[in-house]
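Dumped structure.txt below, it's compact mmCIF, C-alpha atoms:
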```txt
# COMPACT_ATOMS: atom_id res chain seq x y z
CA MET A 1 0.82 -30.03 -14.93
CA ASN A 2 1.10 -29.51 -11.17
CA THR A 3 2.78 -32.38 -9.37
CA THR A 4 3.42 -33.51 -5.83
CA LYS A 5 5.79 -36.09 -4.36
CA ALA A 6 4.42 -39.44 -3.21
CA ALA A 7 5.24 -43.09 -2.51
CA VAL A 8 3.36 -45.31 -4.95
CA LEU A 9 2.59 -49.04 -4.77
CA LYS A 10 2.52 -50.27 -8.38
CA SER A 11 2.19 -54.00 -7.73
CA PHE A 12 1.79 -56.13 -4.62
CA GLY A 13 5.12 -57.33 -3.31
CA SER A 14 7.16 -54.64 -5.02
CA PRO A 15 8.88 -51.73 -3.24
CA LEU A 16 7.18 -48.36 -3.08
CA VAL A 17 8.26 -46.05 -5.89
CA ILE A 18 9.08 -42.53 -4.75
CA GLY A 19 8.49 -39.78 -7.28
CA ASP A 20 6.24 -37.09 -8.66
CA VAL A 21 2.53 -37.74 -9.27
CA PRO A 22 -0.23 -35.39 -10.43
CA ALA A 23 -1.22 -33.02 -7.63
CA PRO A 24 -4.77 -33.55 -6.32
CA VAL A 25 -7.41 -31.29 -7.81
CA LEU A 26 -10.02 -29.80 -5.48
CA GLY A 27 -13.70 -30.55 -5.96
CA THR A 28 -16.86 -29.63 -4.07
CA GLY A 29 -17.09 -31.43 -0.73
CA GLU A 30 -13.34 -31.90 -0.56
CA VAL A 31 -10.26 -30.52 1.17
CA ILE A 32 -6.64 -30.69 0.09
CA VAL A 33 -4.18 -31.04 2.96
CA ASP A 34 -0.41 -30.65 3.07
CA ILE A 35 0.59 -33.78 5.01
CA VAL A 36 3.08 -33.07 7.79
CA ALA A 37 3.06 -36.48 9.49
CA THR A 38 1.43 -39.84 8.76
CA ARG A 39 1.81 -43.03 10.76
CA VAL A 40 2.94 -46.29 9.23
CA ILE A 41 0.68 -48.98 10.66
CA SER A 42 2.70 -51.94 11.91
CA TYR A 43 1.17 -54.38 9.40
CA THR A 44 1.59 -52.07 6.38
CA ASN A 45 4.16 -54.50 4.98
CA GLU A 46 1.48 -57.22 4.96
CA VAL A 47 -0.89 -54.95 3.04
CA LEU A 48 1.73 -53.91 0.47
CA SER A 49 2.91 -57.48 -0.07
CA GLY A 50 -0.64 -58.71 -0.68
CA GLU A 51 -0.47 -61.07 2.31
CA ARG A 52 -3.57 -59.50 3.87
CA LYS A 53 -5.47 -59.66 0.57
CA TYR A 54 -6.84 -56.16 1.06
CA ALA A 55 -8.86 -54.78 -1.83
CA LEU A 56 -6.70 -52.03 -3.32
CA ASP A 57 -6.94 -50.58 -6.81
CA LEU A 58 -3.33 -50.31 -8.04
CA PRO A 59 -1.32 -48.23 -8.57
CA VAL A 60 -2.08 -46.43 -5.31
CA VAL A 61 -0.50 -44.09 -2.80
CA PRO A 62 -0.93 -45.97 0.52
CA GLY A 63 -1.25 -44.45 3.97
CA ALA A 64 -4.09 -44.24 6.51
CA GLY A 65 -4.72 -40.57 7.16
CA GLY A 66 -2.45 -38.22 9.04
CA VAL A 67 -1.91 -34.73 10.40
CA GLY A 68 -1.31 -31.69 8.25
CA ARG A 69 -2.37 -28.17 7.30
CA VAL A 70 -5.25 -27.16 5.08
CA ARG A 71 -4.08 -26.15 1.61
CA ALA A 72 -7.43 -25.64 -0.14
CA ILE A 73 -11.12 -25.91 0.79
CA GLY A 74 -14.31 -26.32 -1.19
CA PRO A 75 -17.38 -24.04 -1.10
CA ASP A 76 -19.22 -26.24 1.43
CA ALA A 77 -16.61 -25.70 4.20
CA THR A 78 -17.78 -23.00 6.64
CA LYS A 79 -15.40 -23.45 9.59
CA LEU A 80 -12.12 -24.56 8.03
CA ALA A 81 -9.51 -22.02 6.97
CA ILE A 82 -6.34 -22.24 4.91
CA GLY A 83 -3.45 -23.15 7.22
CA ASP A 84 -5.56 -24.88 9.89
CA TRP A 85 -3.93 -27.85 11.59
CA VAL A 86 -6.16 -30.87 10.97
CA LEU A 87 -6.46 -34.60 11.44
CA CYS A 88 -7.30 -36.47 8.22
CA GLY A 89 -9.40 -39.58 8.85
CA PRO A 90 -9.18 -42.49 6.38
CA THR A 91 -12.75 -43.81 6.89
CA VAL A 92 -14.55 -42.62 3.76
CA ARG A 93 -18.32 -43.16 3.57
CA ALA A 94 -20.56 -42.88 0.53
CA ARG A 95 -22.93 -39.94 0.83
CA ASP A 96 -25.99 -41.44 -0.85
CA ASP A 97 -27.11 -43.87 1.87
CA ALA A 98 -27.23 -42.49 5.41
CA ILE A 99 -28.50 -45.80 6.87
CA ALA A 100 -25.95 -48.25 5.45
CA PRO A 101 -23.23 -46.34 3.58
CA ASP A 102 -20.55 -48.11 1.61
CA ILE A 103 -17.16 -47.61 3.27
CA HIS A 104 -13.55 -47.73 2.27
CA LEU A 105 -10.34 -46.87 4.07
CA GLN A 106 -8.54 -44.36 1.88
CA GLY A 107 -5.11 -45.69 0.95
CA VAL A 108 -5.70 -49.00 2.77
CA SER A 109 -8.65 -51.15 1.70
CA ALA A 110 -12.21 -51.20 0.37
CA ARG A 111 -15.23 -53.27 1.34
CA GLY A 112 -17.48 -54.73 -1.33
CA GLU A 113 -18.40 -53.45 -4.78
CA GLY A 114 -19.60 -50.10 -3.46
CA GLY A 115 -16.43 -49.59 -1.47
CA MET A 116 -14.34 -50.28 -4.57
CA ARG A 117 -16.34 -47.69 -6.53
CA LEU A 118 -15.75 -45.21 -3.73
CA GLN A 119 -12.05 -46.03 -3.75
CA LYS A 120 -11.72 -45.16 -7.41
CA TYR A 121 -12.48 -41.53 -6.58
CA PHE A 122 -11.02 -41.03 -3.08
CA HIS A 123 -8.14 -43.20 -4.15
CA ASP A 124 -4.78 -42.17 -2.75
CA GLY A 125 -3.64 -42.16 0.86
CA SER A 126 -1.27 -40.09 2.93
CA PHE A 127 2.23 -41.24 1.91
CA ALA A 128 2.45 -38.01 -0.08
CA GLU A 129 3.09 -34.31 0.26
CA GLN A 130 -0.58 -33.55 -0.53
CA MET A 131 -3.79 -35.50 -0.01
CA ARG A 132 -7.38 -34.91 -1.10
CA VAL A 133 -10.00 -36.00 1.44
CA PRO A 134 -13.76 -35.55 1.93
CA THR A 135 -14.58 -32.42 3.92
CA GLU A 136 -16.20 -34.47 6.69
CA ASN A 137 -12.97 -36.44 7.16
CA VAL A 138 -11.01 -33.33 8.17
CA THR A 139 -11.12 -32.36 11.86
CA ARG A 140 -9.53 -29.24 13.30
CA LEU A 141 -6.90 -29.86 15.97
CA GLY A 142 -6.40 -26.29 17.14
CA GLN A 143 -2.94 -24.82 17.37
CA ILE A 144 -0.07 -27.29 17.45
CA SER A 145 3.56 -27.09 16.40
CA ALA A 146 5.05 -28.96 13.45
CA ALA A 147 7.16 -30.96 15.90
CA GLU A 148 4.00 -32.15 17.67
CA ALA A 149 2.35 -33.42 14.48
CA SER A 150 3.81 -36.92 14.81
CA GLN A 151 2.47 -37.37 18.33
CA TRP A 152 -1.01 -36.21 17.32
CA CYS A 153 -1.06 -39.07 14.82
CA ALA A 154 -1.58 -41.33 17.85
CA LEU A 155 -5.24 -40.39 17.48
CA GLY A 156 -5.29 -42.85 14.57
CA ASN A 157 -4.55 -45.70 16.99
CA MET A 158 -7.05 -44.46 19.56
CA LEU A 159 -9.97 -43.75 17.25
CA VAL A 160 -10.43 -47.41 16.36
CA PRO A 161 -11.16 -48.73 19.89
CA TYR A 162 -12.96 -45.47 20.69
CA GLY A 163 -15.41 -46.32 17.91
CA GLY A 164 -15.96 -49.70 19.53
CA PHE A 165 -16.64 -48.25 22.96
CA LEU A 166 -19.03 -45.67 21.50
CA ALA A 167 -20.98 -48.49 19.82
CA ALA A 168 -21.16 -50.35 23.13
CA LYS A 169 -22.23 -47.17 24.96
CA LEU A 170 -19.48 -47.56 27.55
CA GLN A 171 -20.44 -45.77 30.76
CA PRO A 172 -18.26 -44.22 33.49
CA GLY A 173 -17.69 -46.63 36.35
CA GLU A 174 -18.00 -49.79 34.26
CA THR A 175 -15.52 -52.65 34.09
CA VAL A 176 -14.00 -53.35 30.69
CA LEU A 177 -11.94 -56.24 29.34
CA VAL A 178 -9.66 -55.54 26.38
CA SER A 179 -8.79 -58.70 24.45
CA GLY A 180 -5.49 -57.85 22.80
CA ALA A 181 -4.41 -55.32 25.44
CA THR A 182 -0.69 -55.77 24.82
CA GLY A 183 -0.94 -54.91 21.12
CA ASN A 184 -0.76 -51.53 19.41
CA PHE A 185 -4.51 -50.93 19.11
CA GLY A 186 -5.23 -52.87 22.31
CA SER A 187 -2.97 -50.72 24.48
CA ALA A 188 -4.68 -47.68 22.95
CA ALA A 189 -8.02 -49.25 23.93
CA VAL A 190 -6.85 -49.46 27.55
CA ALA A 191 -6.01 -45.74 27.55
CA VAL A 192 -9.26 -44.77 25.85
CA ALA A 193 -11.43 -46.83 28.20
CA LEU A 194 -9.83 -45.20 31.22
CA ALA A 195 -10.23 -41.73 29.67
CA MET A 196 -13.93 -42.48 29.15
CA GLY A 197 -14.27 -43.23 32.86
CA ALA A 198 -13.95 -47.00 33.12
CA ALA A 199 -13.46 -47.98 36.74
CA CYS A 200 -11.30 -50.94 35.79
CA VAL A 201 -9.74 -52.42 32.65
CA VAL A 202 -8.88 -56.11 32.69
CA ALA A 203 -5.85 -56.55 30.43
CA PRO A 204 -5.07 -60.15 29.41
CA GLY A 205 -1.96 -61.09 27.45
CA ARG A 206 1.09 -63.32 27.26
CA ASN A 207 3.71 -60.58 27.34
CA GLU A 208 4.28 -60.12 31.08
CA ALA A 209 6.65 -57.20 30.58
CA MET A 210 4.04 -55.29 28.57
CA LEU A 211 1.31 -56.13 31.08
CA ALA A 212 3.49 -54.63 33.81
CA GLU A 213 4.12 -51.62 31.57
CA LEU A 214 0.38 -51.01 31.21
CA VAL A 215 0.04 -50.97 34.99
CA ARG A 216 3.05 -48.68 35.35
CA ARG A 217 1.67 -46.17 32.87
CA TYR A 218 -2.01 -46.24 33.80
CA GLY A 219 -2.11 -47.32 37.43
CA LYS A 220 -4.10 -49.75 39.52
CA ARG A 221 -7.28 -49.41 37.47
CA VAL A 222 -5.54 -51.80 35.05
CA ARG A 223 -5.75 -55.45 36.12
CA PRO A 224 -3.25 -57.61 34.19
CA VAL A 225 -3.88 -61.30 33.49
CA LYS A 226 -1.19 -63.65 32.18
CA LEU A 227 -2.79 -66.01 29.66
CA THR A 228 -1.95 -69.72 29.79
CA GLY A 229 -3.47 -70.86 26.49
CA ASN A 230 -6.08 -73.02 28.23
CA GLU A 231 -9.46 -71.58 27.26
CA ALA A 232 -11.44 -72.49 30.37
CA ASP A 233 -8.62 -71.61 32.76
CA ASP A 234 -7.98 -68.26 31.07
CA CYS A 235 -11.67 -67.37 31.17
CA ALA A 236 -11.78 -68.05 34.90
CA ARG A 237 -8.56 -66.09 35.54
CA MET A 238 -9.88 -63.04 33.71
CA LYS A 239 -13.11 -63.10 35.70
CA ARG A 240 -11.20 -63.33 38.97
CA ALA A 241 -9.03 -60.36 38.06
CA ALA A 242 -12.03 -58.07 37.76
CA PRO A 243 -13.36 -56.37 40.92
CA GLY A 244 -16.90 -57.31 39.88
CA PRO A 245 -18.91 -58.34 36.82
CA ILE A 246 -17.35 -57.43 33.46
CA ASP A 247 -19.71 -55.05 31.68
CA CYS A 248 -18.04 -54.81 28.29
CA VAL A 249 -15.50 -56.87 26.33
CA LEU A 250 -13.66 -55.39 23.35
CA ASP A 251 -11.76 -57.80 21.11
CA ILE A 252 -9.10 -56.28 18.90
CA MET A 253 -6.87 -59.31 18.36
CA PRO A 254 -4.94 -59.66 15.05
CA PRO A 255 -5.70 -62.39 12.46
CA SER A 256 -2.89 -64.63 13.72
CA VAL A 257 -4.56 -65.29 17.09
CA ALA A 258 -6.47 -68.52 17.72
CA THR A 259 -10.24 -68.27 18.08
CA THR A 260 -10.03 -70.01 21.45
CA VAL A 261 -8.18 -67.00 22.89
CA VAL A 262 -10.85 -64.62 21.62
CA ARG A 263 -13.71 -66.81 22.83
CA ALA A 264 -12.22 -67.12 26.33
CA ALA A 265 -12.28 -63.32 26.64
CA ILE A 266 -15.80 -62.93 25.24
CA MET A 267 -17.25 -65.51 27.63
CA THR A 268 -16.20 -63.42 30.64
CA VAL A 269 -18.90 -60.80 30.04
CA ARG A 270 -21.74 -60.58 32.55
CA PRO A 271 -25.40 -61.28 31.78
CA TYR A 272 -26.84 -58.34 29.81
CA GLY A 273 -23.27 -57.35 28.96
CA ARG A 274 -21.88 -56.09 25.65
CA VAL A 275 -19.21 -57.53 23.37
CA VAL A 276 -17.44 -55.53 20.65
CA LEU A 277 -15.72 -57.38 17.80
CA MET A 278 -13.05 -55.31 16.02
CA GLY A 279 -10.26 -57.84 15.52
CA GLY A 280 -9.10 -60.06 12.70
CA VAL A 281 -10.50 -63.52 13.50
CA ASN A 282 -10.96 -65.51 10.28
CA MET A 283 -9.77 -62.57 8.15
CA GLN A 284 -7.23 -64.79 6.43
CA GLY A 285 -9.27 -68.00 6.44
CA GLY A 286 -9.40 -70.78 8.99
CA ALA A 287 -11.90 -71.46 11.76
CA GLY A 288 -14.57 -68.92 12.55
CA LEU A 289 -15.59 -67.76 16.00
CA GLU A 290 -18.05 -70.22 17.52
CA LEU A 291 -20.13 -68.79 20.37
CA PRO A 292 -22.88 -70.74 22.17
CA TYR A 293 -26.30 -69.66 20.93
CA ASN A 294 -28.06 -70.54 24.20
CA TRP A 295 -25.60 -68.48 26.24
CA ILE A 296 -26.06 -65.41 24.02
CA MET A 297 -29.85 -65.77 24.13
CA ARG A 298 -30.42 -66.66 27.79
CA GLU A 299 -27.85 -64.21 29.16
CA CYS A 300 -29.12 -61.43 26.86
CA ILE A 301 -25.65 -60.72 25.46
CA THR A 302 -25.35 -57.89 22.94
CA ILE A 303 -22.68 -58.38 20.28
CA HIS A 304 -21.52 -55.39 18.24
CA GLY A 305 -19.50 -55.82 15.08
CA VAL A 306 -17.71 -52.50 14.56
CA TRP A 307 -15.50 -51.40 11.69
CA MET A 308 -13.69 -48.16 12.53
CA TYR A 309 -15.71 -45.33 14.13
CA PRO A 310 -18.55 -42.82 13.54
CA ALA A 311 -18.00 -39.54 11.74
CA ASP A 312 -18.06 -37.40 14.91
CA ALA A 313 -15.63 -39.59 16.88
CA ALA A 314 -12.53 -37.54 16.03
CA VAL A 315 -14.06 -34.33 17.43
CA ARG A 316 -14.95 -36.07 20.69
CA LEU A 317 -11.59 -37.79 21.04
CA ILE A 318 -9.66 -34.55 20.44
CA ALA A 319 -11.76 -33.00 23.21
CA LEU A 320 -10.64 -35.77 25.59
CA VAL A 321 -7.01 -34.97 24.76
CA ARG A 322 -7.51 -31.23 25.17
CA ALA A 323 -9.20 -31.83 28.54
CA GLY A 324 -6.17 -33.77 29.77
CA LEU A 325 -8.10 -37.03 30.12
CA LEU A 326 -6.19 -38.76 27.32
CA ARG A 327 -2.43 -38.32 26.94
CA LEU A 328 -0.45 -38.52 23.73
CA ASP A 329 2.99 -38.32 25.34
CA HIS A 330 3.01 -42.06 26.07
CA TYR A 331 3.97 -42.57 22.44
CA GLU A 332 7.53 -42.49 21.13
CA THR A 333 7.91 -41.74 17.44
CA LYS A 334 10.52 -42.67 14.85
CA ASP A 335 10.41 -40.31 11.87
CA PHE A 336 11.37 -41.01 8.24
CA ASP A 337 11.20 -38.67 5.28
CA LEU A 338 9.24 -39.62 2.17
CA ASP A 339 12.37 -40.72 0.29
CA HIS A 340 12.80 -43.46 2.89
CA ALA A 341 9.20 -44.73 2.90
CA ASN A 342 10.27 -48.33 2.24
CA GLU A 343 12.62 -48.22 5.21
CA ALA A 344 9.75 -46.83 7.31
CA VAL A 345 7.51 -49.76 6.36
CA ALA A 346 10.21 -52.26 7.32
CA TYR A 347 10.92 -50.44 10.58
CA ALA A 348 7.23 -50.38 11.53
CA ALA A 349 6.98 -54.15 11.05
CA ALA A 350 10.07 -54.78 13.19
CA ASN A 351 9.00 -52.37 15.95
CA ALA A 352 5.33 -53.14 16.24
CA GLY A 353 4.93 -52.85 19.99
CA PRO A 354 2.63 -50.56 21.94
CA PHE A 355 3.60 -46.93 22.58
CA SER A 356 5.79 -46.92 19.47
CA MET A 357 4.84 -45.20 16.23
CA THR A 358 6.67 -45.13 12.94
CA MET A 359 6.08 -41.90 11.03
CA ILE A 360 6.59 -40.59 7.53
CA ARG A 361 7.00 -36.84 7.45
CA PRO A 362 6.70 -35.71 3.81
```

I'd like the structure from this file rewritten - as structure tokens, please.
Amino acid sequence: MNTTKAAVLKSFGSPLVIGDVPAPVLGTGEVIVDIVATRVISYTNEVLSGERKYALDLPVVPGAGGVGRVRAIGPDATKLAIGDWVLCGPTVRARDDAIAPDIHLQGVSARGEGGMRLQKYFHDGSFAEQMRVPTENVTRLGQISAAEASQWCALGNMLVPYGGFLAAKLQPGETVLVSGATGNFGSAAVAVALAMGAACVVAPGRNEAMLAELVRRYGKRVRPVKLTGNEADDCARMKRAAPGPIDCVLDIMPPSVATTVVRAAIMTVRPYGRVVLMGGVNMQGGAGLELPYNWIMRECITIHGVWMYPADAAVRLIALVRAGLLRLDHYETKDFDLDHANEAVAYAAANAGPFSMTMIRP
């Protein structure tokens, strides 16, 4: 039997077990990729411990996509070639309902009964030497070096807010507010909004050093706002920081944040504006997000709930990088080999700030 090396979660709360597992077998509509680099999301420890209560069928190889080289392709692939450098996306969609497909995040979580069924087939993630993914989840990167693979994994951070902005139809010249701008995904949202042509990004947060860092890296189009914790006051401060009406608000706050903080940001949007919800409010129980019905109706506010991103987002985002509009060199990476996957998970949790990525390089 052919085998490959992987890190396996056998029970929630237990360490990953490093060892040989059966090598993935290629089927139609699939690609097998030799993983060169995969990022360890900062809250991976919360997933593996069971704290986040993510739906995972154990035992499982965790890991949310990565960068690697094509090892084998199925008969439906017409552009891919063996050896191509590719980005593997974790957002797997069922193929039998184009309108409302079931979705699961390969190696991370599933949604609903259909997502769990999907997970049973596209089961294992990227903490492994080899990974089997749907053909449509593999996107060519063009020529890169092995040393650059870690940095290209930053696309995984950027694709999430990019999906939100695509849903909101963000236009060049608009003013954006990113709720959660000092976090890992939030700082990526700032970069993506600017790359898409936003005239201004309002960046609220409590970490003054990181707010200053956003301005240093991205310039005067970023308008920082120090949050006080008072909902009404913070809402007014964010509005004042913008050069004009705020066209679009993207919330990407983690589950630990109070709903009042999220609501203060949402209520800054102009009449006929758009709000994108991608964060973790109420994910772990507690109060839900209460928004005034009359305000939404009379001000014609559009609210988009967005989980991840559309299938063509990776192609478009890679094009922004290749055009020089979106830079990957803002990110510093810390690499671990597969034998030290548990250390990588711990390191990612302890170093969860923006512009920092923890990598496993199998």

Find the distance between CA of Gly353 (chain A) and CA of Ser109 (chain A) and write it in Å to one decimal.
22.8 Å

Compare A:Phe185, A:Tyr218, A:Tyr272, A:Trp307 by their minimum atom-to-atom distance to Ile41 (chain A), counting only C-alpha atoms, and give me the closest one.
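Using only C-alpha atoms, the shortest distance to Ile41 (chain A) belongs to A:Phe185.
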
Might you pull out every residue within 6 Å of Ala6 (chain A), with all atoms listed in the file counted and same-chain residues fewer than 5 positions away left off, and present them as a VMD selection string?
chain A and resid 18 to 19 127 to 128

Residue among A:Met283, A:Met359, A:Met131, A:Ala181 lying closest to Lys53 (chain A), counting only C-alpha atoms
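Smallest separation from Lys53 (chain A) among the options: A:Met283.
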
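Each of A:Gly180, A:Val225, A:Ala352, A:Arg327 was checked against Val261 (chain A) using all atoms listed in the file; the smallest atom-to-atom distance is that of A:Gly180.
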
Counting all atoms listed in the file, which residues have an atom no more than 12 Å from (-4.0, -49.4, -11.5) in the file's coordinates? Please list them as a list in words.
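It turns out the residues near that spot are Val8, Leu9, Lys10, Ser11, Phe12, Leu56, Asp57, Leu58, Pro59, Val60, Val61, Gln119, Lys120, His123 and Asp124 of chain A.
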
Distance in Å - CA of Arg140 (chain A) versus CA of Ala193 (chain A)
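We find that CA of Arg140 (chain A) and CA of Ala193 (chain A) lie 23.1 Å from each other.
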
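Interatomic distance, CA of Tyr309 (chain A) against CA of Ile35 (chain A): 22.0 Å.
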
Between A:Ala98, A:Ile144, A:Val36, A:Leu48, which residue has the minimum interatomic distance to Arg322 (chain A), considering all atoms listed in the file?
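Looking only at the distances to Arg322 (chain A), the closest residue turns out to be A:Ile144.
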
Between A:Val92, A:Thr44, A:Val133, A:Leu87, which one has atoms that come closest to Ala72 (chain A), using all atoms listed in the file?
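For Ala72 (chain A), the nearest of the candidates is A:Val133.
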
Check the smallest atom-to-atom distance from each of A:Thr91, A:Gln171, A:Asn294, A:Asn351 to Glu136 (chain A) using only C-alpha atoms, then report the winner.
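Smallest distance to Glu136 (chain A) is found for A:Thr91.
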
May I have the residues within 12 Å of Arg298 (chain A) as a ChimeraX atom specification, using all atoms listed in the file and disregarding those fewer than 4 positions away in the same chain?
/A:270-273,292-294,302

Written selection (C-alpha atoms) as a PDB file, in the frame of the given file:
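Produced file out-v3.pdb, reproduced below:
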```
ATOM      1  CA  ARG A 270     -21.740 -60.580  32.550  1.00  0.00           C
ATOM      2  CA  PRO A 271     -25.400 -61.280  31.780  1.00  0.00           C
ATOM      3  CA  TYR A 272     -26.840 -58.340  29.810  1.00  0.00           C
ATOM      4  CA  GLY A 273     -23.270 -57.350  28.960  1.00  0.00           C
ATOM      5  CA  PRO A 292     -22.880 -70.740  22.170  1.00  0.00           C
ATOM      6  CA  TYR A 293     -26.300 -69.660  20.930  1.00  0.00           C
ATOM      7  CA  ASN A 294     -28.060 -70.540  24.200  1.00  0.00           C
ATOM      8  CA  THR A 302     -25.350 -57.890  22.940  1.00  0.00           C
TER       9      THR A 302
END
```

Could you list, as a PyMOL selection string, every residue within 9 Å of Arg111 (chain A), counting all atoms listed in the file and ignoring same-chain residues fewer than 3 positions away?
chain A and resi 54-55+102-105+114-116

Answer as a list in words, residues within 12 Å of (-16.8, -35.5, 14.5) using only C-alpha atoms:
Leu87, Cys88, Gly89, Thr91, Thr135, Glu136, Asn137, Val138, Thr139, Arg140, Leu141, Leu159, Gly163, Tyr309, Pro310, Ala311, Asp312, Ala313, Ala314, Val315, Arg316, Leu317, Ile318 and Ala319 of chain A

Residues within 12 Å of Glu148 (chain A), all atoms listed in the file, excluding chain neighbours under 3 positions, as JSON, numbers by chain
{"A": [36, 37, 67, 68, 85, 141, 142, 143, 144, 145, 151, 152, 153, 154, 328, 329, 331, 332, 333, 335, 359, 361]}

Taking 5 positions as the minimum chain separation for residues in the same chain, which residues sit within 6 Å of Val33 (chain A) when counting all atoms listed in the file? Answer as a ChimeraX atom specification.
/A:69-71,130-131
